[in-house]
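Everything below concerns the one structure shown next.
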Amino acid sequence: MDKICSFCGKSDIVKKKVQYIYKKEDKFMVINNVPCDECSYCGERYYHADVLKQIEREFDDLVNGKRKAKIEVAVPVEEYAELVS
Ligand SMILES: [Zn+2]
């Protein structure tokens with residue numbers, strides 16, 4: 001049985017590996033190659049609950065200093081009202 005996209009109702013769901021950005025308060029974590037199901041019609045992505053739990057645990061470990069991320073990058077932060085271009 002094909003899965004149906006609960007967003008647009010089409011059944012064009014494909015397995016993909018994508019970049020996932022986890023955000024909690026003012027902190028971000030980027031995880032590459034996260035498995036998900038993506039609707040090829042509207043682009044809605046569906047993640048397995050276990051995948052999301054694992055990402056959350058990893059994030060907590062990083063925030064609590066239990067683990068260090070493989071790569072850390074500085075992210076520019078701007079206020080929209082102060083943009084000049
Ligand atoms: Zn869809």
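Chain lettering (A, B, ...) mirrors the order of the structure tokens, residue numbering begins at 1 for each chain separately, and ligand numbering begins at 1 in order of display.
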- request: Please return as a list in words: the residues of chain A that backbone DSSP assigns to alpha helix (DSSP H).
  value: Ala49, Asp50, Val51, Leu52, Lys53, Gln54, Ile55, Glu56, Arg57, Glu58, Phe59, Asp60, Asp61, Leu62 and Val63 of chain A
Given 12 Å and only C-alpha atoms and all ligand atoms, residues near ligand 1 as number ranges by chain: A: 3-14, 37-46
Please write the residues from the selection above to a file, keeping C-alpha atoms, as an mmCIF file, in the first residue's frame.
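File written: part34.cif
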```cif
data_model
loop_
_atom_site.group_PDB
_atom_site.id
_atom_site.type_symbol
_atom_site.label_atom_id
_atom_site.label_comp_id
_atom_site.auth_asym_id
_atom_site.auth_seq_id
_atom_site.Cartn_x
_atom_site.Cartn_y
_atom_site.Cartn_z
ATOM 1 C CA LYS A 3 1.696 6.079 1.693
ATOM 2 C CA ILE A 4 -0.436 9.141 1.264
ATOM 3 C CA CYS A 5 0.925 12.616 1.911
ATOM 4 C CA SER A 6 -1.220 14.046 4.694
ATOM 5 C CA PHE A 7 -0.395 17.526 3.442
ATOM 6 C CA CYS A 8 -1.486 17.363 -0.211
ATOM 7 C CA GLY A 9 -3.141 13.936 -0.432
ATOM 8 C CA LYS A 10 -0.905 12.583 -3.231
ATOM 9 C CA SER A 11 0.844 9.228 -2.942
ATOM 10 C CA ASP A 12 4.150 10.199 -4.523
ATOM 11 C CA ILE A 13 6.299 9.480 -1.461
ATOM 12 C CA VAL A 14 9.985 8.701 -2.002
ATOM 13 C CA ASP A 37 10.088 10.101 3.277
ATOM 14 C CA GLU A 38 9.507 13.053 1.009
ATOM 15 C CA CYS A 39 6.397 13.860 -1.001
ATOM 16 C CA SER A 40 7.708 14.511 -4.494
ATOM 17 C CA TYR A 41 4.612 16.573 -5.243
ATOM 18 C CA CYS A 42 4.584 19.163 -2.437
ATOM 19 C CA GLY A 43 7.968 18.491 -0.808
ATOM 20 C CA GLU A 44 6.549 17.725 2.631
ATOM 21 C CA ARG A 45 8.978 15.565 4.617
ATOM 22 C CA TYR A 46 8.109 12.804 7.040
#
```
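Look at Cys36 of chain A: the protein and nucleic acid residues within 6 Å of it, using only C-alpha atoms and passing over chain neighbours fewer than 4 places away, are A:Lys15, A:Lys16, A:Tyr46, A:Tyr47.
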Restricting the output to C-alpha atoms, write the selected residues as a compact mmCIF listing (two decimals), in the first residue's frame.
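Saved as part22.txt:
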```txt
# COMPACT_ATOMS: atom_id res chain seq x y z
CA LYS A 15 12.75 7.73 0.43
CA LYS A 16 15.43 10.40 0.72
CA TYR A 46 8.11 12.80 7.04
CA TYR A 47 10.60 11.63 9.63
```
- prompt: segment 27-30 of chain A: which residues within 10 Å, counting only C-alpha atoms, same-chain residues fewer than 6 positions away excluded, as number ranges by chain?
  reply: A: 19-21, 55-56, 58-59, 62-63, 69, 71-73, 75
field: Polymer residues at most 7 Å from Val18 of chain A, only C-alpha atoms, same-chain spacing of 6 or more positions, as a list in words
entry: Asn32, Asn33, Val34 and Pro35 of chain A
message: With DSSP run on the backbone, what are the strand (DSSP E) residues within segment 3-49 of chain A? I'd like them as a PyMOL selection string.
response: chain A and resi 13-24+27-39+45-46
Please produce a file of the residues just selected, as a JSON list (two decimals), in the first residue's frame, where the atoms kept are N, CA and C atoms.
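Saved as result_21.json:
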```json
[["chain", "number", "residue", "atom", "x", "y", "z"],
["A", 13, "ILE", "N", 5.35, 9.37, -2.57],
["A", 13, "ILE", "CA", 6.30, 9.48, -1.46],
["A", 13, "ILE", "C", 7.57, 8.70, -1.80],
["A", 14, "VAL", "N", 8.71, 9.37, -1.72],
["A", 14, "VAL", "CA", 9.98, 8.70, -2.00],
["A", 14, "VAL", "C", 10.91, 8.77, -0.79],
["A", 15, "LYS", "N", 11.77, 7.74, -0.66],
["A", 15, "LYS", "CA", 12.75, 7.73, 0.43],
["A", 15, "LYS", "C", 13.91, 8.64, 0.04],
["A", 16, "LYS", "N", 14.35, 9.45, 0.99],
["A", 16, "LYS", "CA", 15.43, 10.40, 0.72],
["A", 16, "LYS", "C", 16.34, 10.53, 1.92],
["A", 17, "LYS", "N", 17.53, 11.07, 1.67],
["A", 17, "LYS", "CA", 18.40, 11.47, 2.78],
["A", 17, "LYS", "C", 18.62, 12.95, 2.64],
["A", 18, "VAL", "N", 18.30, 13.68, 3.69],
["A", 18, "VAL", "CA", 18.29, 15.14, 3.59],
["A", 18, "VAL", "C", 19.02, 15.79, 4.76],
["A", 19, "GLN", "N", 19.26, 17.08, 4.60],
["A", 19, "GLN", "CA", 19.86, 17.84, 5.69],
["A", 19, "GLN", "C", 18.75, 18.32, 6.60],
["A", 20, "TYR", "N", 18.90, 18.04, 7.88],
["A", 20, "TYR", "CA", 17.87, 18.39, 8.85],
["A", 20, "TYR", "C", 18.43, 19.44, 9.80],
["A", 21, "ILE", "N", 17.66, 20.49, 10.02],
["A", 21, "ILE", "CA", 18.11, 21.52, 10.96],
["A", 21, "ILE", "C", 17.23, 21.46, 12.20],
["A", 22, "TYR", "N", 17.87, 21.10, 13.29],
["A", 22, "TYR", "CA", 17.16, 21.01, 14.56],
["A", 22, "TYR", "C", 17.33, 22.32, 15.30],
["A", 23, "LYS", "N", 16.26, 22.84, 15.86],
["A", 23, "LYS", "CA", 16.33, 24.13, 16.55],
["A", 23, "LYS", "C", 15.63, 24.01, 17.88],
["A", 24, "LYS", "N", 16.29, 24.50, 18.90],
["A", 24, "LYS", "CA", 15.68, 24.56, 20.22],
["A", 24, "LYS", "C", 16.13, 25.86, 20.86],
["A", 27, "LYS", "N", 19.43, 27.73, 19.84],
["A", 27, "LYS", "CA", 20.51, 26.86, 19.41],
["A", 27, "LYS", "C", 20.08, 26.00, 18.23],
["A", 28, "PHE", "N", 21.05, 25.76, 17.36],
["A", 28, "PHE", "CA", 20.78, 24.98, 16.15],
["A", 28, "PHE", "C", 21.73, 23.81, 16.06],
["A", 29, "MET", "N", 21.28, 22.76, 15.40],
["A", 29, "MET", "CA", 22.17, 21.68, 15.06],
["A", 29, "MET", "C", 21.79, 21.22, 13.65],
["A", 30, "VAL", "N", 22.81, 21.04, 12.82],
["A", 30, "VAL", "CA", 22.58, 20.57, 11.45],
["A", 30, "VAL", "C", 23.01, 19.11, 11.38],
["A", 31, "ILE", "N", 22.14, 18.27, 10.86],
["A", 31, "ILE", "CA", 22.47, 16.86, 10.70],
["A", 31, "ILE", "C", 22.32, 16.52, 9.22],
["A", 32, "ASN", "N", 23.40, 16.00, 8.65],
["A", 32, "ASN", "CA", 23.36, 15.65, 7.23],
["A", 32, "ASN", "C", 22.90, 14.22, 7.02],
["A", 33, "ASN", "N", 22.32, 13.98, 5.87],
["A", 33, "ASN", "CA", 21.92, 12.63, 5.44],
["A", 33, "ASN", "C", 20.96, 11.94, 6.39],
["A", 34, "VAL", "N", 19.96, 12.67, 6.84],
["A", 34, "VAL", "CA", 18.92, 12.09, 7.69],
["A", 34, "VAL", "C", 17.88, 11.40, 6.80],
["A", 35, "PRO", "N", 17.58, 10.14, 7.09],
["A", 35, "PRO", "CA", 16.59, 9.44, 6.26],
["A", 35, "PRO", "C", 15.18, 9.98, 6.50],
["A", 36, "CYS", "N", 14.44, 10.16, 5.44],
["A", 36, "CYS", "CA", 13.05, 10.60, 5.57],
["A", 36, "CYS", "C", 12.26, 10.14, 4.35],
["A", 37, "ASP", "N", 10.96, 10.29, 4.43],
["A", 37, "ASP", "CA", 10.09, 10.10, 3.28],
["A", 37, "ASP", "C", 9.68, 11.48, 2.81],
["A", 38, "GLU", "N", 9.85, 11.73, 1.51],
["A", 38, "GLU", "CA", 9.51, 13.05, 1.01],
["A", 38, "GLU", "C", 8.43, 12.93, -0.06],
["A", 39, "CYS", "N", 7.44, 13.81, 0.03],
["A", 39, "CYS", "CA", 6.40, 13.86, -1.00],
["A", 39, "CYS", "C", 7.00, 14.57, -2.20],
["A", 45, "ARG", "N", 8.10, 16.64, 4.17],
["A", 45, "ARG", "CA", 8.98, 15.56, 4.62],
["A", 45, "ARG", "C", 8.44, 14.90, 5.87],
["A", 46, "TYR", "N", 8.57, 13.58, 5.89],
["A", 46, "TYR", "CA", 8.11, 12.80, 7.04],
["A", 46, "TYR", "C", 9.29, 12.07, 7.64]]
```
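Relative to atom CA of Gln54 of chain A, atom CA of Arg67 of chain A is found at 13.9 Å.
Counting from atom CA of Asp61 of chain A, the distance to atom CA of Glu25 of chain A is 15.6 Å.
Between atom CA of Val51 of chain A and atom CA of Asn64 of chain A there is a distance of 20.0 Å.
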